[in-house]
Every structure is written in C-alpha cells, then in structure tokens.
Amino acid sequence: MIDLRLLREDPDRVRASQRARGEDVGLVDALLSADERRRSSGARFDELRNEQKSLGKLIPKAGPEERAELLRKAEQLKADVKAAEAAQNEADESARQLLLQLGNIVHPDVPVGGEEDFAVLETHGTIRDFAAEGFEPKDHLELGEALGAIDVERGAKVSGSRFYYLTGVGALLELALVNAAIAQATEAGFIPMLTPALVRPRAMEGTGFLGQAAENVYHLEKDDFYLVGTSEVPLAAYHMDEIIEADKLPLRYAGFSPCFRREAGTYGKDTRGIFRVHQFDKVEMFSYVAPEDAEAEHQRLLAWEKQWLNSLELPFQVIDVATGDLGASASRKFDCEAWIPTQGKYRELTSASNCDGFQARRLSVRVREGKKIQPLSTLNGTLCAVPRTIVALLENHQQADGSVHVPAVLRPYLGGREVLEPITK
RNA sequence: GGAGGCGUCGCCUAGUCCGGUCUAUGGCGCCGCACUGCUAAUGCGGUUUGGGCUUUACCGUCCAUCGAGGGUUCAAAUCCCUCCGCCUCCGCCA
C-alpha cells in the first residue's frame, strides 16, 4: 500500500499515478474521505474511552450512594464507547479496503501505456542468422523431444494442458541452471533460500498478488493456503512484522522454489511446449534496502540478470515496462527479453521490480535508523525461470544436426558436456 | 489425529488461581548524563509498537497495544469462547 500521509499531503500525485496506470481515479477521493472519517471516529473513541477510564478509577473508592450514581453513569458510557469503537473499526476497515485496491505510485520515468508501449533500453548479444548458416531453426519442443529432454504429452495425460515432464538431459539441464544461478547469486552475496510454496493469505495479500492478479493464483480452499507464483512471496513475508536495524541492510536472498500459475485468460496463447506452464521452478533474487537505496538496487538487480543471460550466451533486450503492465506493487519494472528464433521476437525471461515501500507497508517490515522507524524498500528480480530459459537455450544454441551447444557456465554442472546430442533410438 | 503445557513492551522474567492499588515488576542488554588519566566499576535517568493532536524538528499529550479476534463486566494481562504459534508425550507417516 502507499503512504496515507503522502495521499493526504499530495493527492494530485496519487491521482496522476492512478491515471497513468489506467486505473480509477475516483478511488483516491473515496480514500481521502474514508481517511477523514477514520480520523474523526478515532478521536471520538479516544475521548470517550478516556472518560470511561477516569470514571472507572473513582468507582472502587466511592461511598455507597456515590457509587450507585457513578455506576449509572458508567453504564450509559459503556454503550457509547461500544458504539464509538464499532464506528472506528468500521471506518478503519473501509479505509484499509480502499487502500489495498490502490496500486503503487508509478515512477515518473515509466512509459505510459499498455503492454505494447514499453521502451527498449538496451540490447545485448547477436541474433543468429540461420538462413546464412543454411538451416531452418527447430522450435524448443521439437529439439527437446529429440534430446529426450521434454515430454509434454505425458504431462498433459497426467496433469492436463500446460504441464510437462523434464526427462533425462532436460532434468539435468534444470539442475545445472539452478546450480549455476545459485552459484552466481551466492558469489554476489545473496543468501540462498529454499522457501515454502504454500503460504497464508496475509503473505499473498501483503505481496500484492490478491488484487488484479488474484485470478492467476491457486488457492487451497480447505486449508486456506495459496500456492505461490514466485518465491518473492515467501521472501517478502520472511521479515514480516519485523524492525530491521539500518546497519543490517541491504539484506539479499536468492530463493529457489516451485512456482504455480493458473494462467487464466491466456487460453490459446503460447500453447506449444513449455514457454507458458502452470508449474515451474525459479531462482529469484530478493532485496530489502533502505528507501534511498532502492533505485540503485534496482539497477544492481538488473545488472545481475544481464550478467546471467550473457553467461548463457543469449541475445536479449532490456525494456522499461509500461504503466499498464506494471502490476500493483511495482513502481517500475525492467524486463530482460531473450530472442526466440522460431517466434522471431524477444520474449520475457526475467523481470526486476522496484516495489519501494509498497510491500513493506502491507507486511509491516520497517527499518530503524537512530530514532526513525519507517517502511524499507523491497525489490525482486528473476535470476532464472527454468522452462523459459531452457526454451531460449535450446533454440538459440541449436545446431544443424539437432544437437545443442552448452554454454561454458553450465558445463561444470553437466559433467563437462559441451554439446547435448539427440537420442538416436 | 489424541493428551497435556505454554505465549507479558529487544532477551529473560513477576503478575493470571482470587478483575480495580498494572500508569505491567525485576534482571540483562542498549542509550544519555554524572563521576573517573583511558577503560572498567558505580550512581541517576531513559529504553514496546501503532495511530491521533501539536510541531520545520524536538518536546509534549491522548488513545490503543500483555500471541490474534470476539464475549462477560461500570472496569480484563487476569474470567469465558474461537483461532494462530511453540513445546512435551502418544499414534501415524516420507
């Protein structure tokens, strides 16, 4: 959530941000009046409660007659206090509900518009010219099946569409990617973390995934658990309700977990292969930093993502995601998109978001510097989302005979193998 | 799944049986001041968090906060209910 004080002091800035997101600006005014109601009902309750307390002190000391009189007054007050408390709770709750609907304040440099209105910031690597090399590139599924690495037919048989098995060298490839990614993150100072994949509503809501994104979240009704779509959720909630000393920051975690996504509303989109699936594993970077350090950390996360993709020898571009595609909790988001030869376009492989104090405020994670206590800033960035990375690797590193070149960074985790060969039988 | 115990403002802890004197005790740690060649020791003061009001800030002040939420009562850390978490034992199970 955003800072209520900011809303009070500079509502126009919040309105402008809502407008840029293409969201309802009326929400801001509703929130302002709810906040006003919250404050006045709170003051009323405080006043009555104070009166009740002073009266309560007199009762045990009073003589019999006086006592009866006081009790009569106290009884009346009891009803008033109860009503005032109910009014206060109601006002608090309605203000909170409105506040939860409001997305983060958008960074002024973010391009305004929908999904297609992103700005390309930089490009890396060289796109291969398969025509010049004299062969037609195969897509990742065809390659993966030939390698004995991917089985989507049986994935569908067992679990339905958008499920898959990674088999043989495919399974090894995932483990190699995960190990290499964790190694890079550890080298950079991240603490490796294996996190819960099932979380309570508070963690999900606090991370901002129960708003517009809710339809993409799996929910276990019987136990009221949510399946996380990213380890960002358990990593953000890790320090929930804590106050962290300023000299402990930055705190950096590299989470590895399965990720579950319903992919509602994507029917017919990316249906072939393992580009868009309901379950996958991912290594995620997560940072807790002082508010003034957030933008610099955002750049650092992006730099680590670029380092990773470069080490995989993948051609990619970096984009500044447009306002309409930010998601509720990000104030700014940089995606790295790898070139997918058979699609002839760049597709998202990693995503780095600066959430400022948005998640920290919802999850009550604060930093203490001297006497000052304030929400800190949280940021997250993908290091390696496994299936998509496999897609990009297979397609970009394929050779005319259907074998696949292995980047040096993965070889130590693949028994030194430099090439993956199709299975003959 | 069954039985029992527990949860107090950084950590430990008193208080809960028997409601008001709790404005929550004491110790440790930490911060400030005093004293002191330095350090240590000692003395005095301070030290939960959130929200209002006031305010440049400080200070001050009010309300809430004893795991969470409800209830009883004029009044709840204390009594009742529900939930959450931790511990012990039993059962079951990777």
# chains A, B, ... in the order shown; residues from 1 in each chain; ligands from 1
>>> closest_atom_pairs(of="chain A", to="chain B", cutoff="8 Å", atoms="only C-alpha atoms (C1' of nucleotides)", output="tab-separated table")
residue	atom	partner	partner_atom	distance
A:Arg39	CA	B:G52	C1'	7.1
A:Gly42	CA	B:G52	C1'	7.5
A:Ala43	CA	B:G52	C1'	6.7
A:Phe45	CA	B:C63	C1'	7.9
A:Asp46	CA	B:C63	C1'	4.7
A:Glu47	CA	B:C63	C1'	7.9
A:Arg49	CA	B:C63	C1'	7.7
A:Asn50	CA	B:C63	C1'	7.7
A:Gly56	CA	B:A75	C1'	5.9
A:Lys57	CA	B:G20	C1'	7.2
A:Ile59	CA	B:C74	C1'	7.8
A:Pro60	CA	B:G20	C1'	6.5
A:Leu70	CA	B:C74	C1'	7.9
A:Leu71	CA	B:C74	C1'	5.3
A:Arg72	CA	B:C74	C1'	7.8
A:Ala74	CA	B:C74	C1'	4.8
A:Glu75	CA	B:C74	C1'	5.6
A:Lys78	CA	B:C74	C1'	7.4
>>> residues_around(residues="Leu58 of chain A", least_positions_apart="3", cutoff="9 Å", atoms="only C-alpha atoms (C1' of nucleotides)", output="PyMOL selection string")
chain A and resi 54-55+61-62+67+70
>>> residues_around(residues="Ile423 of chain A", least_positions_apart="5", cutoff="10 Å", atoms="only C-alpha atoms (C1' of nucleotides)", output="JSON, numbers by chain")
{"A": [145, 146, 147, 148, 149, 402, 403]}
>>> atom_distance(atom1="atom CA of Ala237 of chain A", atom2="atom CA of Ala183 of chain A")
23.9 Å
>>> residues_around(residues="segment 310-324 of chain A", least_positions_apart="2", cutoff="7 Å", atoms="only C-alpha atoms (C1' of nucleotides)", output="MDAnalysis selection string")
chainID A and resid 20:22 110:115 117:127 306:308 326 333:339 346 396 407 409
>>> write_last_selection(atoms="C-alpha atoms", output="PDB file, in the first residue's frame")
ATOM      1  CA  ALA A  20      -1.005   6.651 -15.714  1.00  0.00           C
ATOM      2  CA  ARG A  21      -1.902   3.118 -14.685  1.00  0.00           C
ATOM      3  CA  GLY A  22      -5.268   3.472 -16.370  1.00  0.00           C
ATOM      4  CA  VAL A 110       7.984   4.828 -16.697  1.00  0.00           C
ATOM      5  CA  PRO A 111       6.497   4.956 -20.209  1.00  0.00           C
ATOM      6  CA  VAL A 112       2.740   5.464 -20.063  1.00  0.00           C
ATOM      7  CA  GLY A 113       0.550   2.989 -21.897  1.00  0.00           C
ATOM      8  CA  GLY A 114      -0.308  -0.679 -22.295  1.00  0.00           C
ATOM      9  CA  GLU A 115       1.717  -3.830 -22.703  1.00  0.00           C
ATOM     10  CA  ASP A 117       4.175   0.641 -25.055  1.00  0.00           C
ATOM     11  CA  PHE A 118       7.384  -0.434 -23.360  1.00  0.00           C
ATOM     12  CA  ALA A 119      10.651   1.350 -24.052  1.00  0.00           C
ATOM     13  CA  VAL A 120      13.702  -0.615 -25.193  1.00  0.00           C
ATOM     14  CA  LEU A 121      16.654   0.431 -23.055  1.00  0.00           C
ATOM     15  CA  GLU A 122      19.451  -1.735 -24.441  1.00  0.00           C
ATOM     16  CA  THR A 123      20.182  -4.854 -26.474  1.00  0.00           C
ATOM     17  CA  HIS A 124      22.848  -7.492 -25.869  1.00  0.00           C
ATOM     18  CA  GLY A 125      24.378 -10.284 -27.930  1.00  0.00           C
ATOM     19  CA  THR A 126      23.893 -11.087 -31.571  1.00  0.00           C
ATOM     20  CA  ILE A 127      20.883 -12.710 -33.159  1.00  0.00           C
ATOM     21  CA  LYS A 306      22.260  -9.241 -17.570  1.00  0.00           C
ATOM     22  CA  GLN A 307      25.356 -10.979 -16.242  1.00  0.00           C
ATOM     23  CA  TRP A 308      23.377 -14.209 -16.035  1.00  0.00           C
ATOM     24  CA  LEU A 326       3.435  -2.985 -14.089  1.00  0.00           C
ATOM     25  CA  LYS A 333       9.867  -2.769 -13.777  1.00  0.00           C
ATOM     26  CA  PHE A 334      12.691  -3.784 -16.105  1.00  0.00           C
ATOM     27  CA  ASP A 335      12.288  -6.978 -18.106  1.00  0.00           C
ATOM     28  CA  CYS A 336      15.012  -8.843 -19.932  1.00  0.00           C
ATOM     29  CA  GLU A 337      13.614 -10.436 -23.054  1.00  0.00           C
ATOM     30  CA  ALA A 338      15.546 -13.139 -24.857  1.00  0.00           C
ATOM     31  CA  TRP A 339      15.375 -13.617 -28.586  1.00  0.00           C
ATOM     32  CA  TYR A 346      12.043 -11.113 -27.909  1.00  0.00           C
ATOM     33  CA  ASN A 396      19.455 -20.185 -29.713  1.00  0.00           C
ATOM     34  CA  PRO A 407      27.451 -22.517 -22.581  1.00  0.00           C
ATOM     35  CA  VAL A 409      28.891 -21.616 -17.320  1.00  0.00           C
TER      36      VAL A 409
END
>>> closest_residue(among="B:C87, B:C17, B:G46, B:U61", to="C31 of chain B", atoms="only C-alpha atoms (C1' of nucleotides)")
B:G46
>>> select_by_dssp(residues="segment 51-249 of chain A", states="helix (DSSP H, G or I)", output="VMD selection string")
chain A and resid 51 to 61 64 to 101 115 to 117 130 to 133 140 to 146 152 to 159 169 to 187 201 to 207 212 to 216 232 to 237 246 to 248
>>> select_by_dssp(residues="segment 260-309 of chain A", states="strand (DSSP E)", output="JSON, numbers by chain")
{"A": [260, 279, 280, 281, 282, 283, 284, 285, 286, 287, 288, 289]}
>>> write_last_selection(atoms="N, CA and C atoms", output="CSV table (one decimal), in the first residue's frame")
chain,number,residue,atom,x,y,z
A,260,PHE,N,3.6,-21.6,-9.1
A,260,PHE,CA,2.4,-22.1,-9.7
A,260,PHE,C,1.5,-21.0,-10.2
A,279,GLN,N,3.3,-24.9,-13.7
A,279,GLN,CA,4.2,-25.2,-12.6
A,279,GLN,C,5.6,-25.1,-13.2
A,280,PHE,N,6.5,-24.4,-12.5
A,280,PHE,CA,7.9,-24.4,-12.9
A,280,PHE,C,8.7,-24.0,-11.7
A,281,ASP,N,10.0,-24.2,-11.9
A,281,ASP,CA,11.0,-23.8,-10.8
A,281,ASP,C,11.7,-22.5,-11.2
A,282,LYS,N,12.0,-21.8,-10.2
A,282,LYS,CA,12.7,-20.5,-10.4
A,282,LYS,C,13.6,-20.1,-9.3
A,283,VAL,N,14.7,-19.5,-9.7
A,283,VAL,CA,15.7,-18.8,-8.8
A,283,VAL,C,15.4,-17.3,-8.8
A,284,GLU,N,15.0,-16.8,-7.7
A,284,GLU,CA,14.6,-15.4,-7.6
A,284,GLU,C,15.5,-14.6,-6.7
A,285,MET,N,15.9,-13.4,-7.1
A,285,MET,CA,16.6,-12.5,-6.2
A,285,MET,C,15.7,-11.6,-5.4
A,286,PHE,N,15.9,-11.4,-4.2
A,286,PHE,CA,15.0,-10.5,-3.4
A,286,PHE,C,15.9,-9.6,-2.5
A,287,SER,N,15.6,-8.3,-2.5
A,287,SER,CA,16.4,-7.4,-1.7
A,287,SER,C,15.6,-6.6,-0.8
A,288,TYR,N,16.1,-6.4,0.4
A,288,TYR,CA,15.5,-5.4,1.4
A,288,TYR,C,16.5,-4.3,1.5
A,289,VAL,N,16.2,-3.1,1.1
A,289,VAL,CA,17.2,-2.0,1.2
A,289,VAL,C,16.5,-0.7,1.8
>>> residues_around(residues="segment 185-196 of chain A", least_positions_apart="3", cutoff="8 Å", atoms="only C-alpha atoms (C1' of nucleotides)", output="PyMOL selection string")
chain A and resi 181-182+199+231+234-235+251-257+285
>>> write_last_selection(atoms="C-alpha atoms", output="compact mmCIF listing (two decimals), in the first residue's frame")
# COMPACT_ATOMS: atom_id res chain seq x y z
CA ALA A 181 22.27 -19.43 -10.89
CA ILE A 182 22.60 -20.08 -7.17
CA VAL A 199 1.51 -19.55 2.18
CA SER A 231 9.36 -17.20 -4.13
CA PRO A 234 7.73 -16.13 0.99
CA LEU A 235 10.87 -14.00 0.73
CA LEU A 251 19.57 -7.98 3.01
CA ARG A 252 19.72 -10.09 -0.14
CA TYR A 253 18.16 -13.51 -0.59
CA ALA A 254 18.21 -15.89 -3.52
CA GLY A 255 15.09 -18.05 -3.31
CA PHE A 256 14.57 -21.29 -5.16
CA SER A 257 11.06 -22.68 -5.27
CA MET A 285 16.65 -12.53 -6.17
>>> residues_around(residues="Asn104 of chain A", least_positions_apart="2", cutoff="12 Å", atoms="only C-alpha atoms (C1' of nucleotides)", output="PyMOL selection string")
chain A and resi 1-4+6-7+13-18+20-21+23+99-102+106-107+207-208+323+326-333+353-362
>>> write_last_selection(atoms="C-alpha atoms", output="PDB file, in the first residue's frame")
ATOM      1  CA  MET A   1       0.000   0.000   0.000  1.00  0.00           C
ATOM      2  CA  ILE A   2       1.049   3.564  -0.403  1.00  0.00           C
ATOM      3  CA  ASP A   3       1.694   6.033   2.404  1.00  0.00           C
ATOM      4  CA  LEU A   4      -1.553   7.590   3.674  1.00  0.00           C
ATOM      5  CA  LEU A   6       1.501  11.137   1.042  1.00  0.00           C
ATOM      6  CA  LEU A   7      -2.093  10.788  -0.066  1.00  0.00           C
ATOM      7  CA  ARG A  13       0.428  12.945  -7.315  1.00  0.00           C
ATOM      8  CA  VAL A  14      -1.560   9.852  -6.405  1.00  0.00           C
ATOM      9  CA  ARG A  15      -4.254  10.782  -8.923  1.00  0.00           C
ATOM     10  CA  ALA A  16      -1.638  11.235 -11.643  1.00  0.00           C
ATOM     11  CA  SER A  17      -0.210   7.820 -10.857  1.00  0.00           C
ATOM     12  CA  GLN A  18      -3.650   6.204 -10.984  1.00  0.00           C
ATOM     13  CA  ALA A  20      -1.005   6.651 -15.714  1.00  0.00           C
ATOM     14  CA  ARG A  21      -1.902   3.118 -14.685  1.00  0.00           C
ATOM     15  CA  GLU A  23      -6.972   2.861 -13.036  1.00  0.00           C
ATOM     16  CA  LEU A  99      -6.110   1.420   0.279  1.00  0.00           C
ATOM     17  CA  LEU A 100      -5.477  -2.186  -0.688  1.00  0.00           C
ATOM     18  CA  GLN A 101      -7.048  -1.553  -4.082  1.00  0.00           C
ATOM     19  CA  LEU A 102      -4.640   1.242  -4.871  1.00  0.00           C
ATOM     20  CA  VAL A 106       4.411   4.932 -10.602  1.00  0.00           C
ATOM     21  CA  HIS A 107       7.966   6.161 -11.126  1.00  0.00           C
ATOM     22  CA  THR A 207       2.967  -9.065  -1.583  1.00  0.00           C
ATOM     23  CA  GLY A 208       0.209  -7.626  -3.739  1.00  0.00           C
ATOM     24  CA  THR A 323       2.493   1.644 -16.723  1.00  0.00           C
ATOM     25  CA  LEU A 326       3.435  -2.985 -14.089  1.00  0.00           C
ATOM     26  CA  GLY A 327       1.379  -4.975 -11.638  1.00  0.00           C
ATOM     27  CA  ALA A 328       0.061  -3.463  -8.427  1.00  0.00           C
ATOM     28  CA  SER A 329       3.194  -3.487  -6.322  1.00  0.00           C
ATOM     29  CA  ALA A 330       5.898  -2.227  -8.693  1.00  0.00           C
ATOM     30  CA  SER A 331       6.714   1.432  -9.174  1.00  0.00           C
ATOM     31  CA  ARG A 332       8.994   0.460 -12.039  1.00  0.00           C
ATOM     32  CA  LYS A 333       9.867  -2.769 -13.777  1.00  0.00           C
ATOM     33  CA  SER A 353      10.668  -4.789  -9.947  1.00  0.00           C
ATOM     34  CA  ASN A 354      11.169  -1.941  -7.535  1.00  0.00           C
ATOM     35  CA  CYS A 355       8.294  -2.051  -5.048  1.00  0.00           C
ATOM     36  CA  ASP A 356       9.524   0.821  -2.833  1.00  0.00           C
ATOM     37  CA  GLY A 357       7.664   0.629   0.472  1.00  0.00           C
ATOM     38  CA  PHE A 358       4.530  -0.865  -1.079  1.00  0.00           C
ATOM     39  CA  GLN A 359       5.006  -4.433   0.119  1.00  0.00           C
ATOM     40  CA  ALA A 360       6.892  -3.418   3.254  1.00  0.00           C
ATOM     41  CA  ARG A 361       3.974  -1.299   4.401  1.00  0.00           C
ATOM     42  CA  ARG A 362       1.482  -4.131   3.875  1.00  0.00           C
TER      43      ARG A 362
END
>>> atom_distance(atom1="atom CA of Leu98 of chain A", atom2="atom CA of Ala203 of chain A")
18.6 Å
>>> atom_distance(atom1="atom CA of Glu263 of chain A", atom2="atom CA of Tyr218 of chain A")
9.9 Å
>>> closest_residue(among="B:G26, B:G7, B:G43, B:G70", to="G85 of chain B", atoms="only C-alpha atoms (C1' of nucleotides)")
B:G7
>>> residues_around(residues="Leu220 of chain A", least_positions_apart="3", cutoff="12 Å", atoms="only C-alpha atoms (C1' of nucleotides)", output="mmCIF file with N, CA and C atoms, in the first residue's frame")
data_model
loop_
_atom_site.group_PDB
_atom_site.id
_atom_site.type_symbol
_atom_site.label_atom_id
_atom_site.label_comp_id
_atom_site.auth_asym_id
_atom_site.auth_seq_id
_atom_site.Cartn_x
_atom_site.Cartn_y
_atom_site.Cartn_z
ATOM 1 N N ALA A 197 6.209 -23.196 -0.469
ATOM 2 C CA ALA A 197 5.451 -22.918 -1.689
ATOM 3 C C ALA A 197 3.987 -22.676 -1.371
ATOM 4 N N LEU A 198 3.579 -23.025 -0.156
ATOM 5 C CA LEU A 198 2.219 -22.767 0.311
ATOM 6 C C LEU A 198 2.288 -21.680 1.370
ATOM 7 N N VAL A 199 1.473 -20.643 1.205
ATOM 8 C CA VAL A 199 1.511 -19.549 2.176
ATOM 9 C C VAL A 199 0.099 -19.163 2.604
ATOM 10 N N ARG A 200 0.029 -18.457 3.708
ATOM 11 C CA ARG A 200 -1.247 -17.967 4.218
ATOM 12 C C ARG A 200 -1.685 -16.729 3.455
ATOM 13 N N PRO A 201 -2.973 -16.377 3.578
ATOM 14 C CA PRO A 201 -3.492 -15.209 2.861
ATOM 15 C C PRO A 201 -2.693 -13.940 3.131
ATOM 16 N N VAL A 217 -3.865 -17.019 -9.224
ATOM 17 C CA VAL A 217 -3.309 -17.663 -8.040
ATOM 18 C C VAL A 217 -4.119 -18.910 -7.680
ATOM 19 N N ASP A 223 -7.791 -25.646 3.278
ATOM 20 C CA ASP A 223 -6.816 -25.239 4.284
ATOM 21 C C ASP A 223 -6.492 -23.749 4.245
ATOM 22 N N ASP A 224 -7.138 -23.028 3.309
ATOM 23 C CA ASP A 224 -6.881 -21.608 3.120
ATOM 24 C C ASP A 224 -5.389 -21.307 2.908
ATOM 25 N N PHE A 225 -4.782 -22.092 2.047
ATOM 26 C CA PHE A 225 -3.412 -21.842 1.624
ATOM 27 C C PHE A 225 -3.418 -21.348 0.179
ATOM 28 N N TYR A 226 -2.439 -20.528 -0.142
ATOM 29 C CA TYR A 226 -2.216 -20.160 -1.533
ATOM 30 C C TYR A 226 -0.933 -20.811 -2.021
ATOM 31 N N LEU A 227 -0.925 -21.262 -3.267
ATOM 32 C CA LEU A 227 0.314 -21.735 -3.879
ATOM 33 C C LEU A 227 1.029 -20.520 -4.459
ATOM 34 N N VAL A 228 2.278 -20.354 -4.119
ATOM 35 C CA VAL A 228 2.966 -19.147 -4.559
ATOM 36 C C VAL A 228 3.261 -19.208 -6.056
#
>>> decode(residues="segment 95-109 of chain A", atoms="N, CA and C atoms", output="PDB file, in the first residue's frame")
ATOM      1  N   ALA A  95     -11.371   2.117   5.058  1.00  0.00           N
ATOM      2  CA  ALA A  95     -10.215   2.821   4.529  1.00  0.00           C
ATOM      3  C   ALA A  95      -9.149   1.829   4.076  1.00  0.00           C
ATOM      4  N   ARG A  96      -8.984   0.775   4.860  1.00  0.00           N
ATOM      5  CA  ARG A  96      -7.975  -0.228   4.522  1.00  0.00           C
ATOM      6  C   ARG A  96      -8.326  -0.948   3.222  1.00  0.00           C
ATOM      7  N   GLN A  97      -9.601  -1.273   3.088  1.00  0.00           N
ATOM      8  CA  GLN A  97     -10.036  -1.969   1.876  1.00  0.00           C
ATOM      9  C   GLN A  97      -9.761  -1.128   0.631  1.00  0.00           C
ATOM     10  N   LEU A  98     -10.055   0.169   0.746  1.00  0.00           N
ATOM     11  CA  LEU A  98      -9.802   1.061  -0.388  1.00  0.00           C
ATOM     12  C   LEU A  98      -8.304   1.163  -0.667  1.00  0.00           C
ATOM     13  N   LEU A  99      -7.548   1.260   0.408  1.00  0.00           N
ATOM     14  CA  LEU A  99      -6.110   1.420   0.279  1.00  0.00           C
ATOM     15  C   LEU A  99      -5.484   0.210  -0.413  1.00  0.00           C
ATOM     16  N   LEU A 100      -6.020  -0.965  -0.099  1.00  0.00           N
ATOM     17  CA  LEU A 100      -5.477  -2.186  -0.688  1.00  0.00           C
ATOM     18  C   LEU A 100      -5.737  -2.255  -2.199  1.00  0.00           C
ATOM     19  N   GLN A 101      -6.737  -1.518  -2.651  1.00  0.00           N
ATOM     20  CA  GLN A 101      -7.048  -1.553  -4.082  1.00  0.00           C
ATOM     21  C   GLN A 101      -6.133  -0.643  -4.899  1.00  0.00           C
ATOM     22  N   LEU A 102      -5.454   0.236  -4.185  1.00  0.00           N
ATOM     23  CA  LEU A 102      -4.640   1.242  -4.871  1.00  0.00           C
ATOM     24  C   LEU A 102      -3.261   0.666  -5.195  1.00  0.00           C
ATOM     25  N   GLY A 103      -2.853   0.804  -6.469  1.00  0.00           N
ATOM     26  CA  GLY A 103      -1.533   0.317  -6.857  1.00  0.00           C
ATOM     27  C   GLY A 103      -0.434   1.252  -6.365  1.00  0.00           C
ATOM     28  N   ASN A 104       0.787   0.822  -6.524  1.00  0.00           N
ATOM     29  CA  ASN A 104       1.924   1.637  -6.114  1.00  0.00           C
ATOM     30  C   ASN A 104       2.024   2.907  -6.964  1.00  0.00           C
ATOM     31  N   ILE A 105       2.654   3.913  -6.403  1.00  0.00           N
ATOM     32  CA  ILE A 105       2.895   5.149  -7.148  1.00  0.00           C
ATOM     33  C   ILE A 105       3.913   4.843  -8.253  1.00  0.00           C
ATOM     34  N   VAL A 106       3.567   5.240  -9.454  1.00  0.00           N
ATOM     35  CA  VAL A 106       4.411   4.932 -10.602  1.00  0.00           C
ATOM     36  C   VAL A 106       5.608   5.892 -10.668  1.00  0.00           C
ATOM     37  N   HIS A 107       6.762   5.348 -10.939  1.00  0.00           N
ATOM     38  CA  HIS A 107       7.966   6.161 -11.126  1.00  0.00           C
ATOM     39  C   HIS A 107       7.773   7.077 -12.333  1.00  0.00           C
ATOM     40  N   PRO A 108       8.185   8.354 -12.217  1.00  0.00           N
ATOM     41  CA  PRO A 108       7.906   9.323 -13.292  1.00  0.00           C
ATOM     42  C   PRO A 108       8.499   8.959 -14.660  1.00  0.00           C
ATOM     43  N   ASP A 109       9.559   8.165 -14.701  1.00  0.00           N
ATOM     44  CA  ASP A 109      10.191   7.850 -15.976  1.00  0.00           C
ATOM     45  C   ASP A 109       9.552   6.677 -16.715  1.00  0.00           C
TER      46      ASP A 109
END
